[in-house]
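S.K.: Pasting a structure here, questions to come.
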Protein chains: 4
Amino acid sequence: MAHRTLKIGVVGGTGYTGVELLRLLAQHPHCELAVITSRQEAGTPVAAMFANLRGRVDMNFSAPSDATLKQCDVVFFATPNGVAMQQARMLVDAGVRVIDISADFRIKDITTWEKWYGTKHACPELVAAAVYGLPEVNREQIKRARIVANPGCYPTSVQLGFLPLIKSGMVDLDHLIADAKSGVSGAGRKAEMHTLFSEASDNFKAYGVTGHRHHPEISQGLSLMAEREVRLTFVPHLTPMIRGIHATLYARLTGGADLQQLYEKHYANEPFVDVLPAGSHPDTRSVRGSNLCRIAVHQPQGGDIAVVLSVIDNLTKGAAGQAVQNMNLMCGLPETTGLEQIALMP
Amino acid sequence: MAHRTLKIGVVGGTGYTGVELLRLLAQHPHCELAVITSRQEAGTPVAAMFANLRGRVDMNFSAPSDATLKQCDVVFFATPNGVAMQQARMLVDAGVRVIDISADFRIKDITTWEKWYGTKHACPELVAAAVYGLPEVNREQIKRARIVANPGCYPTSVQLGFLPLIKSGMVDLDHLIADAKSGVSGAGRKAEMHTLFSEASDNFKAYGVTGHRHHPEISQGLSLMAEREVRLTFVPHLTPMIRGIHATLYARLTGGADLQQLYEKHYANEPFVDVLPAGSHPDTRSVRGSNLCRIAVHQPQGGDIAVVLSVIDNLTKGAAGQAVQNMNLMCGLPETTGLEQIALMP
Amino acid sequence: MAHRTLKIGVVGGTGYTGVELLRLLAQHPHCELAVITSRQEAGTPVAAMFANLRGRVDMNFSAPSDATLKQCDVVFFATPNGVAMQQARMLVDAGVRVIDISADFRIKDITTWEKWYGTKHACPELVAAAVYGLPEVNREQIKRARIVANPGCYPTSVQLGFLPLIKSGMVDLDHLIADAKSGVSGAGRKAEMHTLFSEASDNFKAYGVTGHRHHPEISQGLSLMAEREVRLTFVPHLTPMIRGIHATLYARLTGGADLQQLYEKHYANEPFVDVLPAGSHPDTRSVRGSNLCRIAVHQPQGGDIAVVLSVIDNLTKGAAGQAVQNMNLMCGLPETTGLEQIALMP
Amino acid sequence: MAHRTLKIGVVGGTGYTGVELLRLLAQHPHCELAVITSRQEAGTPVAAMFANLRGRVDMNFSAPSDATLKQCDVVFFATPNGVAMQQARMLVDAGVRVIDISADFRIKDITTWEKWYGTKHACPELVAAAVYGLPEVNREQIKRARIVANPGCYPTSVQLGFLPLIKSGMVDLDHLIADAKSGVSGAGRKAEMHTLFSEASDNFKAYGVTGHRHHPEISQGLSLMAEREVRLTFVPHLTPMIRGIHATLYARLTGGADLQQLYEKHYANEPFVDVLPAGSHPDTRSVRGSNLCRIAVHQPQGGDIAVVLSVIDNLTKGAAGQAVQNMNLMCGLPETTGLEQIALMP
């Protein structure tokens with residue numbers, strides 16, 4: 001099947017999500033990078049900032065321009081929160097498909113969003129129209145979407161980990177626990193003290209136990225799965241590696257089932273979810289640079305607690321890779337196009 | 001107060017616990033290293049193996065000899081499991097104080113021990129006599145002990161984290177969860193594949209979800225605190241740092257209390273437990289090379305789940321440092337002698 | 001141009017070079033993995049050992065078998081030194097193209113080889129026939145070769161770094177210095193003490209200053225370039241990263257020239273050598289997982305010392321990637337086929 | 001011998017040199033911390049910023065105040081460059097001993113200093129009076145100094161490495177090469193992009209090949225040793241570890257000597273320089289957190305190039321530890337007081 005080439009715009013290509021997106025798009029057989037914007041770096045060659053793209057992305061960052069973006073087939077926002085909501089309406093109206101990798105369109109309840117993101121939402125009506133871009137949950141809606149809210153990294157790993165269990169109807173929904181560990185790139189490419197090498201290396205710590213922006217996003221997703229409100233304790237941690245999220249999930253079982261079979265069956269046809277054999281423990285490195293989520297499920301000592309281990313690369317399945325997966329779905333391409341890189345190991 | 005100098009023997013000084021113990025003892029004002037044994041390295045200068053000890057420990061490893069060890073005041077076993085139980089009886093009978101940093105005397109139920117350690121116990125009668133060396137629980141017994149079973153690293157961090165909560169009597173003892181993360185030195189100084197730099201670096205993984213030797217040790221300790229059997233889910237993880245354990249503990253509250261006050265009060269007089277201010281998240285590096293356990297306690301969103309964050313250096317408070325703390329107690333020295341190193345940060 | 005599919009055999013697929021080779025071959029459009037041997041792991045699924053290959057390499061390791069290997073078009077040896085020299089003759093005689101990623105055929109002088117590798121060479125007559133597989137030096141001979149000796153990792157980075165300078169004829173060939181730094185994967189996937197995470201992490205050290213096996217290989221290559229014997233001081237170091245080599249090269253200039261222009265011109269048409277703009281410092285991560293060598297050249301303060309900075313991924317351009325590049329050349333495929341992965345950054 | 005307690009002021013205690021200095025001073029038997037200033041953090045408890053100091057440094061940062069500093073016996077400047085030169089005159093005039101850990105007083109030639117530090121020197125007359133605080137070179141002058149310029153980290157490792165060789169008079173002084181590798185803490189505790197964990201981890205690179213501020217400082221020191229001007233090529237590199245410098249030094253020999261004996265003899269009485277046995281390679285970790293410099297010297301293959309390997313902890317012997325060593329000398333204390341910590345290994 002021949003596919004035409006998609007003209008792609010990337011708004012905000014200077015962060016880690018941006019460079020990962022450019023890595024994937026530059027190798028995608030049906031994409032042509034039309035414009036990569038950065039207000040601050042306008043005029044700088046993209047490859048001068050990201051040396052891995054030398055010889056592969058021969059463009060400069062350009063100042064954001066509505067006219068140029070409107071001529072794209074697809075525009076990705078790899079911007080800080082609060083930018084996409086300013087520009088998405090104009091693009092959607094111009095018939096451009098929009099994929100927001102930031103958090104602007106993820107949370108349906110505007111009041112909740114405004115509380116956690118600390119600002120007034122500029123475009124609440126588009127929030128309703130936006131489809132939450134977790135293909136394993138919303139594949140059909142994504143295919144028809146004009147605007148997709150690409151899930152956060154923690155939310156992707158936690159939701160994919162809990163999904164079969166919650167769908168099974170046999171867990172205590174009032175005491176779900178997600179103990180999640182993220183590599184440092186999850187904090188973004190920002191000059192901040194706490195993510196300096198000398199601070200974050202050879203160290204491990206929790207953060208945000210009192211509250212984290214991904215908490216309401218995860219709770220919303222789990223509640224939709226459960227068709228009732230769930231209660232989740234979510235504790236994120238910073239771990240000294242660049243890429244990767246490991247979510248360790250705990251749920252009290254209220255019924256009996258073969259968890260291994262449950263997970264294998266649920267994900268049998270998913271191209272990007274790999275359920276490991278019984279007794280396994282996934283390494284984050286086994287998905288480094290790939291779009292896969294690998295999952296193992298345990299029921300230690302036959303007790304009433306299910307333990308799910310779910311790993312992703314936070315920049316790929318947790319951000320840019322999933323965004324390309326959504327693009328493929330929205331544009332009628334095979335879902336795995338341009339996403340078949342094998343994880344780099346060691 | 002003047003103290004006489006203690007003659008010290010170290011059996012098995014070639015592992016990470018060994019070198020940490022030697023670092024502490026070489027700087028201890030009341031200790032004299034009399035003998036450091038290693039069957040395999042007999043004749044090798046200690047400082048040729050551990051360059052940090054050059055100029056500070058000017059001895060060779062020697063072949064194990066009962067006669068020499070019997071002349072010591074205190075003998076530490078920093079051996080693999082299964083060695084101390086062969087030699088402890090002889091030393092105790094000779095009036096030597098014995099501190100076993102391995103696991104031979106930690107578990108009171110011999111059947112349980114034999115199941116997890118895969119061998120017949122050589123000296124079950126001494127197990128009953130041995131005092132479990134967690135000073136924050138057993139200080140007075142340790143002072144009178146002839147043989148101390150030094151706790152494991154995970155057990156130290158988990159028990160100190162749960163202790164005030166369990167003593168308060170207001171948690172669901174059937175669904176305790178300990179999600180623990182260890183630095184790689186916890187696996188010991190052994191030529192093994194899974195702890196190679198190229199395997200363990202830039203990676204994160206759980207292990208032993210189906211069962212870990214520290215599980216029965218922790219359960220025994222928590223059950224003694226609770227004065228009934230508790231049920232614990234314990235999931236250890238390997239994190240890419242050298243030293244440090246971070247235990248994230250979850251417990252369902254069955255009553256109301258000010259957790260911050262509970263913890264501060266419980267540990268007010270403990271020299272080696274530091275309860276952080278409300279809202280804190282301890283870094284493992286804040287105890288790197290020190291004998292401290294730092295703890296923070298949270299009750300996220302005022303829900304019914306308590307979250308405790310407990311960090312130690314697995315080689316210090318989790319092994320050699322706690323062993324020296326026990327020696328100080330057993331020998332009538334001030335408990336903090338030789339253990340006041342400030343953590344190395346960054 | 002349509003190409004037939006090549007049947008590929010991999011001897012010794014359990015090391016880091018092996019898994020990198022499998023990653024590249026599994027994504028190569030004209031290769032079919034026919035057999036992957038491992039005496040020790042025969043029967044084990046390849047993807048059980050290397051989780052990144054799950055779903056991509058659905059074969060088991062098999063016991064080495066001459067019959068099976070003879071039916072391949074190309075056989076790679078990713079074995080410890082000393083294996084390929086036992087089997088290569090049989091395969092070459094059967095018309096199979098052989099690429100030895102180990103060191104068996106790299107050094108032309110048999111006495112030198114035997115001195116450094118500590119064993120008698122089993123097949124000296126094939127050493128003469130083998131082509132040293134550095135395409136930037138020997139491209140035409142490689143195309144016609146039946147057996148290629150794939151260069152070592154240090155030798156690749158050092159030779160590519162010195163090549164234009166030596167060819168220019170304006171350096172003191174008696175005092176070349178190569179100060180090289182390698183990631184830990186260069187030591188291979190072997191259970192050894194000095195490459196444990198707890199030994200190699202947060203540490204830096206030189207090794208082999210008194211002599212290293214790659215020294216004669218590099219000297220041989222540089223001497224061939226210079227058409228006279230050169231004298232090189234080579235100091236390798238171990239640096240706490242997984243992949244990557246950074247060679248810092250020093251040479252005294254005996255004439256004047258625009259070094260930047262010299263390097264740019266020399267490598268203008270090379271697909272896998274990227275000369276950076278004047279004043280640059282290449283990151284090893286800019287080639288992580290890619291087959292590129294990036295080079296910068298400096299003449300600090302206009303003095304008479306040239307400083308060359310040359311980086312490669314030791315497992316890709318320094319081993320498996322260069323082996324695939326050689327295969328492409330030997331089999332008439334475009335040289336870059338299957339080797340266009342963009343480096344993973346961050 | 002009884003010593004009175006010294007009242008200590010620390011100006012600028014919020015960087016890595018600052019926290020290391022506080023770690024050492026808090027454990028020093030003859031020091032009392034009187035004041036720790038930080039304009040920006042005035043009022044913040046020191047231990048709130050550096051959790052390792054909890055319970056050990058119970059003071060707040062205070063705004064800089066001349067009156068308070070004048071009452072100290074010793075004032076350390078752990079400030080960015082350009083601060084000490086504004087305040088030192090006033091303190092010296094008040095009889096306070098000043099130790100500047102920044103670069104303000106290191107370079108005797110004011111024009112050179114102003115070129116490299118990009119500002120006019122505020123106090124050139126004190127530069128002449130200041131003693132360069134490398135005890136192994138200037139011990140007697142340091143004892144009598146009112147103001148000491150504490151050496152930089154690279155300069156310490158490189159000068160100690162070259163010292164015996166240059167003193168021997170048998171090297172080519174026109175082609176000295178120092179290939180130096182530093183841990184990331186050398187870049188300071190500043191929110192900058194290139195030292196983020198995700199940039200600096202799993203990566204290796206050179207920097208400043210065209211010029212580095214430590215170059216003139218090293219050249220000045222080596223020239224003083226040689227009693228003539230030397231020419232040095234200096235290439236610094238960033239290596240993914242927190243602490244440590246490894247300097248690999250190359251010099252062409254112009255005469256014959258037993259280098260091992262030369263080094264051992266030269267440093268026989270130095271408490272903080274440890275010459276390793278012939279054939280050794282020092283690990284940076286062997287000096288982690290200690291004030292030692294460990295050195296090995298090689299003459300590979302009996303050629304005419306000497307290779308010296310010199311390691312220090314950049315924050316200890318390369319900054320705060322050496323500053324305390326200088327304080328001990330200036331105040332008549334035994335030189336090693338408070339500096340006998342054994343390196344933390346692993």
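Going through the structure tokens in order, the chains are called A, B, and so on, while each chain numbers its residues from 1 and the ligands are numbered from 1 in the order shown.
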Per DSSP on the backbone, what are the strand (DSSP E or B) residues of stretch 107-259 of chain C, as a ChimeraX atom specification?
M.R.: /C:131-132,147-149,171,176-182,196,205-206,232-238,245-253
S.K.: May I have the residues from that selection written out with N, CA and C atoms, as a tab-separated table (two decimals), in the first residue's frame?
M.R.:
```tsv
chain	number	residue	atom	x	y	z
C	131	VAL	N	41.55	-9.66	5.13
C	131	VAL	CA	41.62	-8.22	4.92
C	131	VAL	C	41.23	-7.52	6.21
C	132	TYR	N	42.02	-6.53	6.60
C	132	TYR	CA	41.71	-5.76	7.81
C	132	TYR	C	40.52	-4.84	7.51
C	147	ILE	N	37.56	-13.33	3.72
C	147	ILE	CA	37.60	-13.27	5.18
C	147	ILE	C	38.09	-11.89	5.61
C	148	VAL	N	37.32	-11.31	6.52
C	148	VAL	CA	37.64	-9.98	7.00
C	148	VAL	C	37.95	-10.04	8.49
C	149	ALA	N	39.04	-9.37	8.88
C	149	ALA	CA	39.38	-9.23	10.30
C	149	ALA	C	38.81	-7.89	10.75
C	171	VAL	N	53.73	14.98	10.65
C	171	VAL	CA	53.79	14.77	12.10
C	171	VAL	C	55.02	13.97	12.48
C	176	LEU	N	53.83	9.65	18.81
C	176	LEU	CA	52.37	9.73	18.79
C	176	LEU	C	51.83	9.28	20.15
C	177	ILE	N	50.79	9.94	20.60
C	177	ILE	CA	50.17	9.57	21.88
C	177	ILE	C	48.67	9.39	21.67
C	178	ALA	N	48.14	8.27	22.19
C	178	ALA	CA	46.69	8.03	22.16
C	178	ALA	C	46.22	7.79	23.58
C	179	ASP	N	45.50	8.77	24.12
C	179	ASP	CA	44.91	8.65	25.45
C	179	ASP	C	43.45	8.30	25.22
C	180	ALA	N	43.09	7.04	25.48
C	180	ALA	CA	41.76	6.56	25.08
C	180	ALA	C	40.94	6.17	26.29
C	181	LYS	N	39.63	6.45	26.22
C	181	LYS	CA	38.72	6.19	27.32
C	181	LYS	C	37.59	5.33	26.80
C	182	SER	N	37.32	4.23	27.49
C	182	SER	CA	36.28	3.32	27.01
C	182	SER	C	35.17	3.13	28.02
C	196	LEU	N	32.24	-4.96	37.83
C	196	LEU	CA	31.00	-4.87	38.59
C	196	LEU	C	30.56	-3.41	38.70
C	205	LYS	N	39.77	5.16	35.95
C	205	LYS	CA	41.12	4.65	36.10
C	205	LYS	C	41.74	4.30	34.75
C	206	ALA	N	43.04	4.38	34.68
C	206	ALA	CA	43.78	3.84	33.54
C	206	ALA	C	44.01	2.36	33.78
C	232	LEU	N	54.17	4.69	19.15
C	232	LEU	CA	52.93	5.18	19.76
C	232	LEU	C	52.93	4.88	21.25
C	233	THR	N	52.54	5.87	22.05
C	233	THR	CA	52.23	5.61	23.46
C	233	THR	C	50.71	5.51	23.56
C	234	PHE	N	50.23	4.40	24.10
C	234	PHE	CA	48.79	4.15	24.14
C	234	PHE	C	48.36	3.90	25.58
C	235	VAL	N	47.50	4.74	26.10
C	235	VAL	CA	47.01	4.58	27.48
C	235	VAL	C	45.49	4.47	27.49
C	236	PRO	N	44.96	3.27	27.70
C	236	PRO	CA	43.51	3.10	27.78
C	236	PRO	C	43.02	3.35	29.21
C	237	HIS	N	41.79	3.83	29.31
C	237	HIS	CA	41.16	4.11	30.60
C	237	HIS	C	39.75	3.54	30.60
C	238	LEU	N	39.28	3.22	31.79
C	238	LEU	CA	37.90	2.74	31.97
C	238	LEU	C	37.06	3.87	32.52
C	245	ILE	N	33.64	5.12	23.08
C	245	ILE	CA	35.08	5.34	23.22
C	245	ILE	C	35.36	6.78	22.84
C	246	HIS	N	36.20	7.41	23.63
C	246	HIS	CA	36.69	8.75	23.31
C	246	HIS	C	38.20	8.64	23.24
C	247	ALA	N	38.76	8.83	22.04
C	247	ALA	CA	40.21	8.83	21.90
C	247	ALA	C	40.68	10.27	21.78
C	248	THR	N	41.61	10.64	22.65
C	248	THR	CA	42.23	11.96	22.57
C	248	THR	C	43.64	11.74	22.08
C	249	LEU	N	43.93	12.27	20.90
C	249	LEU	CA	45.19	11.95	20.22
C	249	LEU	C	46.08	13.18	20.18
C	250	TYR	N	47.35	12.97	20.40
C	250	TYR	CA	48.32	14.06	20.40
C	250	TYR	C	49.44	13.73	19.41
C	251	ALA	N	49.79	14.70	18.58
C	251	ALA	CA	50.89	14.50	17.64
C	251	ALA	C	51.62	15.83	17.47
C	252	ARG	N	52.93	15.75	17.41
C	252	ARG	CA	53.69	16.97	17.19
C	252	ARG	C	53.75	17.25	15.69
C	253	LEU	N	53.40	18.47	15.32
C	253	LEU	CA	53.38	18.86	13.91
C	253	LEU	C	54.79	19.24	13.46
```
S.K.: Run DSSP on the backbone and give me the residues of stretch 117-276 of chain A it puts in helix (DSSP H, G or I), as an MDAnalysis selection string.
M.R.: chainID A and resid 117 124:129 135:144 153:168 184:187 197:200 214:226 259:266
S.K.: Quick one: which chain D residues come within 9 Å of chain B, and what is the nearest atom pair for each with the distance in Å to one decimal, counting only C-alpha atoms, rows ordered by chain and ascending number, as a Markdown table?
M.R.:
```
| residue | atom | partner | partner_atom | distance |
| --- | --- | --- | --- | --- |
| D:Tyr16 | CA | B:Pro346 | CA | 7.1 |
| D:Val19 | CA | B:Met345 | CA | 7.6 |
| D:Glu20 | CA | B:Met345 | CA | 7.4 |
| D:Arg23 | CA | B:Ile342 | CA | 6.5 |
| D:Leu24 | CA | B:Ile342 | CA | 8.7 |
| D:Ala26 | CA | B:Ile342 | CA | 8.6 |
| D:Gln27 | CA | B:Gln341 | CA | 7.9 |
| D:Phe50 | CA | B:Met345 | CA | 7.9 |
| D:Ala51 | CA | B:Ser286 | CA | 5.6 |
| D:Asn52 | CA | B:Ser286 | CA | 4.7 |
| D:Leu53 | CA | B:Ile342 | CA | 6.9 |
| D:Arg54 | CA | B:Asp274 | CA | 8.6 |
| D:Gly55 | CA | B:Asp274 | CA | 8.7 |
| D:Arg56 | CA | B:Ile342 | CA | 8.0 |
| D:Ser185 | CA | B:Pro346 | CA | 7.7 |
| D:Ser201 | CA | B:Asp202 | CA | 9.0 |
| D:Asp202 | CA | B:Asp202 | CA | 8.0 |
| D:Ile242 | CA | B:Pro346 | CA | 7.0 |
| D:Arg243 | CA | B:Pro346 | CA | 7.9 |
| D:Asp274 | CA | B:Arg54 | CA | 8.6 |
| D:Pro282 | CA | B:Ala51 | CA | 8.3 |
| D:Asp283 | CA | B:Ala51 | CA | 8.2 |
| D:Arg285 | CA | B:Asn52 | CA | 7.9 |
| D:Ser286 | CA | B:Asn52 | CA | 4.7 |
| D:Val287 | CA | B:Asn52 | CA | 6.5 |
| D:Arg288 | CA | B:Asn52 | CA | 8.5 |
| D:Gly289 | CA | B:Leu344 | CA | 6.9 |
| D:Ser290 | CA | B:Asn52 | CA | 8.9 |
| D:Glu340 | CA | B:Gln27 | CA | 8.6 |
| D:Gln341 | CA | B:Gln27 | CA | 7.9 |
| D:Ile342 | CA | B:Asn52 | CA | 6.3 |
| D:Ala343 | CA | B:Asn52 | CA | 5.3 |
| D:Leu344 | CA | B:Gly289 | CA | 6.9 |
| D:Met345 | CA | B:Asn52 | CA | 6.7 |
| D:Pro346 | CA | B:Ile242 | CA | 7.0 |
```
S.K.: Only C-alpha atoms, please: the residues just picked out, written as a CSV table (one decimal), in the first residue's frame.
M.R.:
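The new file again09.csv reads:
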```
chain,number,residue,atom,x,y,z
D,16,TYR,CA,30.0,21.9,46.5
D,19,VAL,CA,29.4,21.8,51.7
D,20,GLU,CA,32.6,19.8,51.6
D,23,ARG,CA,31.7,18.5,56.3
D,24,LEU,CA,35.4,18.7,57.2
D,26,ALA,CA,32.3,20.2,61.5
D,27,GLN,CA,34.5,17.2,62.3
D,50,PHE,CA,22.5,20.1,52.8
D,51,ALA,CA,20.8,17.2,54.6
D,52,ASN,CA,24.0,15.5,55.4
D,53,LEU,CA,24.7,18.3,57.9
D,54,ARG,CA,21.5,17.8,59.9
D,55,GLY,CA,22.3,17.5,63.5
D,56,ARG,CA,25.9,18.6,62.8
D,185,SER,CA,31.0,18.2,40.7
D,201,SER,CA,25.5,10.7,32.5
D,202,ASP,CA,26.5,7.8,30.2
D,242,ILE,CA,30.5,12.9,40.9
D,243,ARG,CA,33.9,13.4,42.5
D,274,ASP,CA,50.8,8.3,48.1
D,282,PRO,CA,45.2,4.4,40.8
D,283,ASP,CA,41.4,4.5,41.0
D,285,ARG,CA,37.5,6.1,44.1
D,286,SER,CA,40.5,5.2,46.2
D,287,VAL,CA,40.6,8.9,47.3
D,288,ARG,CA,36.9,9.6,47.3
D,289,GLY,CA,36.2,12.0,50.3
D,290,SER,CA,39.9,11.9,51.4
D,340,GLU,CA,42.3,11.6,58.2
D,341,GLN,CA,39.0,10.3,56.7
D,342,ILE,CA,39.5,7.0,54.9
D,343,ALA,CA,38.1,7.1,51.3
D,344,LEU,CA,34.7,5.7,50.9
D,345,MET,CA,34.9,2.5,48.8
D,346,PRO,CA,32.9,1.2,47.2
```
S.K.: Would you mind listing what lies within 12 Å of B:Ser38 as a list in words, with only C-alpha atoms counted and same-chain residues fewer than 5 positions away left out?
M.R.: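 These residues fall inside the cut-off: Gly9, Val10, Val11, Gly12, Gly13, Thr14, Gly15, Gly18, Gly43, Thr44, Pro45, Val46, Met49, Asn60, Phe61, Ser62, Ala63, Pro64, Ser65, Phe77, Ala78, Thr79, Pro80 and Val83 of chain B.
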S.K.: Nearest residue to B:Thr111 out of B:Gly221, B:Ala226, B:Val127, B:Glu192, using only C-alpha atoms?
M.R.: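 Nearest to B:Thr111: B:Val127.
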S.K.: Residues near C:Asn81, anyone? I mean within 10 Å using only C-alpha atoms, not counting same-chain ones fewer than 5 positions away, as a PyMOL selection string.
M.R.: chain C and resi 100-105+117+119
S.K.: Which residue out of D:Ala34, D:Arg213, D:Pro151, D:Val74 has the minimum interatomic distance to D:Gly118 when only C-alpha atoms are used?
M.R.: D:Arg213
S.K.: Can you tell me, as a list in words, what residues are no more than 9 Å from C:Met90 when counting only C-alpha atoms, ignoring any on the same chain fewer than 6 positions away?
M.R.: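 Contacts, in chain order: Asp66, Lys70 and Val96 of chain C.
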S.K.: Quick one: everything within 10 Å of C:Leu25, counting only C-alpha atoms, minus sequence neighbours fewer than 3 positions away in the same chain. Send it as a ChimeraX atom specification.
M.R.: /C:8,19-22,28-33,57,320-321,324,338-339
S.K.: Tell me which of A:Gln71, A:Ser280, A:Thr112, A:Asn291 sits closest to B:Tyr207, counting only C-alpha atoms.
M.R.: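 Between A:Gln71, A:Ser280, A:Thr112, A:Asn291, the residue approaching B:Tyr207 most closely is A:Ser280.
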